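Written below as structure tokens is the structure these notes are about.
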Amino acid sequence: MNLLINNIGQLVTVASHGKRVKTGEEMRSLGVLSDASLLIENGIIAKIAKKDELTPPEDFDVIDAEGRTVLPGFVDSHTHTVFAGTRENEFAMRAEGKSYQEIAEAGGGIISTMRATREASKKDLYHLAERRLDDMMRYGTTTVEIKSGYGLSPEAEIKILEVIHDLQRDHYATVVGTFLGAHAFPPEYKDDKQGYVDRICDYMMPYIAEKKLATFVDVFCEQGYFDLHFTEQIILEAKRHGLIPKLHADQLNAFGAVELGAKHNAISVDHLEKTNESGIAALKNSQTIATVLPGCSLFLNHPYAPARAIIDAGIPLVLATDFNPGSQMSYSMQMMLTLACTQMRMTPEEAITAATFNGAAALGLSAEIGSIEIGKQADVVIYDVHDYRFIPYHYGMNHVWKVVKNGVMLEF
């Protein structure tokens with residue numbers, strides 16, 4: 001946990017100067033230092049200086065970066081990493097022209113993964129997710145939010161959240177848990193939607209809050225899933241139990257989900273592919289963060305969220321993967337940078353800020369992680385590139401050379 005990284009070609013600090021989020025022009029300011037050194041003491045960033053200016057004590061390890069580029073670890077603030085089963089058959093159906101809704105009506109979609117996840121043991125779910133987290137870290141992600149939502153019953157949802165809790169305890173990655181019992185309506189409640197919402201609010205949420213199994217509560221607020229009335233009921237109950245709301249919003253339709261999230265101070269509203277001027281205006285007058293998920297748009301051949309309009313309106317923007325078995329089977333945040341730059345009119349600087357510091361803000365952690373600043377947790381990644389812009393430019397490969405988590409250099 002005591003480490004000197006010397007001979008850094010580019011140190012991309014994403015300096016925040018004490019702010020909670022970065023917005024507008026601030027998102028382009030990365031605080032890039034050339035020919036730098038970074039001293040880490042007890043897992044915390046202690047000093048930043050010019051190359052060869054720092055002499056570590058004898059018990060410090062030393063890494064010669066040999067002119068490579070160093071960034072903060074990625075913060076992936078929207079994933080569904082705990083699940084069983086895969087859905088490559090649905091991928092083939094989409095290639096034949098089937099829609100998201102048609103696949104769901106044919107027994108696919110979330111319900112397909114629900115069945116596999118309900119049948120899987122807690123041990124199996126843990127080991128599947130553990131391997132995925134290992135791979136995420138190999139690609140430069142050091143903090144991961146993980147949602148439940150593939151159980152859709154009290155027993156299965158709690159099983160998933162317990163797996164997430166165990167990963168928080170055991171894994172090198174920082175793991176943040178979110179309760180997404182309101183992901184879809186399970187078959188047994190197909191004709192009693194209010195009954196399932198009551199089950200979430202009256203049974204699941206009090207237990208989850210008491211056992212501290214989640215930090216956030218999410219809702220898939222969408223036509224045909226959880227409407228505005230059901231979503232508001234769940235949000236209010238979450239807040240009553242001290243859980244922080246966030247929403248899947250405006251993915252397929254813009255019908256007031258973003259506005260509802262802003263009204264109730266959700267920490268973030270995520271997806272936003274269909275967000276319009278009304279949603280942007282609501283976000284502009286709130287503290288809610290906009291999270292966009294370009295991998296989902298790529299995978300489903302859907303429109304991309306209006307990232308340029310959101311940033312230009314002065315709204316803090318986050319990039320995340322939405323890694324899940326149905327609509328986005330990739331956990332590469334490096335690829336999300338490329339999509340942000342090529343498909344969403346974001347600059348490389350904006351994309352990096354959105355994938356690191358602002359991602360930390362979407363989890364309430366930007367005072368601790370997301371940037372390379374003195375006093376912050378030492379989550380840093382060394383990339384085998386000479387310039388940070390090369391990462392999104394040369395896409396489709398992993399540029400990571402070394403990952404340092406809490407000051408510890410990981411071995412993969």
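In the structure tokens, chains take the letters A, B, ... in the order shown, each chain's residues start at 1, and ligands count up from 1 in the order shown.
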Can you list every residue in range 126-316 of chain A that DSSP puts in strand (DSSP E), as a PyMOL selection string? chain A and resi 141-147+174-182+216-220+244-249+268-271+289-292
Within 7 Å of Thr142 in chain A using only C-alpha atoms, minus same-chain residues under 2 positions, as number ranges by chain: A: 73-75, 137, 140, 144, 173-174, 379, 405
For Phe91 in chain A, work out the shell of residues within 12 Å, counting only C-alpha atoms and skipping chain neighbours fewer than 2 positions away, then give it as a PyMOL selection string. chain A and resi 86-89+93-100+103+108-109+299-301+325-329
How would the residues just picked look written out with C-alpha atoms as a JSON list (two decimals), in the first residue's frame?
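result-v5.json was written with the following content:
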```
[["chain", "number", "residue", "atom", "x", "y", "z"],
["A", 86, "THR", "CA", -26.72, -15.94, -21.20],
["A", 87, "ARG", "CA", -28.98, -14.77, -24.03],
["A", 88, "GLU", "CA", -27.06, -15.18, -27.25],
["A", 89, "ASN", "CA", -30.23, -16.63, -28.78],
["A", 93, "MET", "CA", -33.25, -12.86, -32.88],
["A", 94, "ARG", "CA", -32.41, -9.15, -32.93],
["A", 95, "ALA", "CA", -30.13, -9.76, -35.91],
["A", 96, "GLU", "CA", -33.21, -11.15, -37.67],
["A", 97, "GLY", "CA", -35.17, -7.99, -36.91],
["A", 98, "LYS", "CA", -37.03, -8.87, -33.70],
["A", 99, "SER", "CA", -37.64, -5.94, -31.34],
["A", 100, "TYR", "CA", -36.91, -5.75, -27.60],
["A", 103, "ILE", "CA", -38.36, -10.88, -27.64],
["A", 108, "GLY", "CA", -37.07, -13.75, -23.46],
["A", 109, "GLY", "CA", -35.74, -10.58, -21.95],
["A", 299, "PHE", "CA", -25.96, -3.38, -28.90],
["A", 300, "LEU", "CA", -29.69, -2.78, -29.49],
["A", 301, "ASN", "CA", -29.24, -0.45, -32.48],
["A", 325, "PRO", "CA", -26.86, -10.33, -20.32],
["A", 326, "GLY", "CA", -29.60, -9.02, -22.58],
["A", 327, "SER", "CA", -28.97, -5.52, -23.89],
["A", 328, "GLN", "CA", -25.27, -4.81, -23.29],
["A", 329, "MET", "CA", -22.88, -7.72, -22.90]]
```
Once DSSP has gone over the backbone, tell me which residues of range 108-315 of chain A are in helix (DSSP H, G or I), as an NGL selection string. :A and (110-119 or 122-138 or 154-170 or 187-189 or 193-211 or 228-240 or 257-263 or 277-284 or 294-300 or 307-312)
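CA of Ile200 in chain A sits 22.7 Å away from CA of Glu259 in chain A.
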Within 12 Å of range 337-357 of chain A, which residues of range 29-126 of chain A show up? Give each one with its shortest atom-to-atom distance in Å (one decimal) and the two atoms involved, counting only C-alpha atoms, rows by chain then rising residue number, as CSV.
```
residue,atom,partner,partner_atom,distance
A:Ser29,CA,A:Glu349,CA,7.0
A:Leu30,CA,A:Glu349,CA,6.5
A:Gly31,CA,A:Glu349,CA,10.1
A:Val32,CA,A:Glu349,CA,10.3
A:Leu71,CA,A:Thr356,CA,8.8
A:Pro72,CA,A:Thr356,CA,6.5
A:Gly73,CA,A:Thr356,CA,6.6
A:Phe74,CA,A:Thr356,CA,4.9
A:Val75,CA,A:Thr356,CA,5.1
A:Asp76,CA,A:Ala355,CA,7.0
A:Ser77,CA,A:Ala355,CA,8.7
A:His78,CA,A:Ala355,CA,11.0
```
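Considering only C-alpha atoms, the residue among A:Glu26, A:Glu119, A:Asp59, A:Asp135 positioned nearest to Met333 in chain A is A:Asp135.
For the atom pair formed by CA of Glu145 in chain A and CA of Leu363 in chain A, the distance is 7.8 Å, given to one decimal.
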Spatial neighbours of Ile372 in chain A, max dist 7 Å, only C-alpha atoms, sep filter under 4 positions, as a list in words: Thr13, Val14, Ala15, Pro72 and Lys376 of chain A
Applying 8 Å and only C-alpha atoms, which residues near range 209-223 of chain A remain after dropping the ones on its own chain fewer than 3 positions away? List them as a ChimeraX atom specification. /A:161-162,165,176-184,205-206,226-228,231,234-235,238,241-253,257
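Taking CA of Asp191 in chain A and CA of Val82 in chain A as endpoints, the distance between them is 27.5 Å.
Compared by their closest atoms to Ile315 in chain A, and using only C-alpha atoms, the residues A:Asn358, A:Arg199, A:Val70, A:Gly9 rank with A:Asn358 nearest.
Distances here use only C-alpha atoms; by that measure, the residue among A:Met335, A:Ile164, A:Leu272, A:Ile40 closest to His302 in chain A is A:Leu272.
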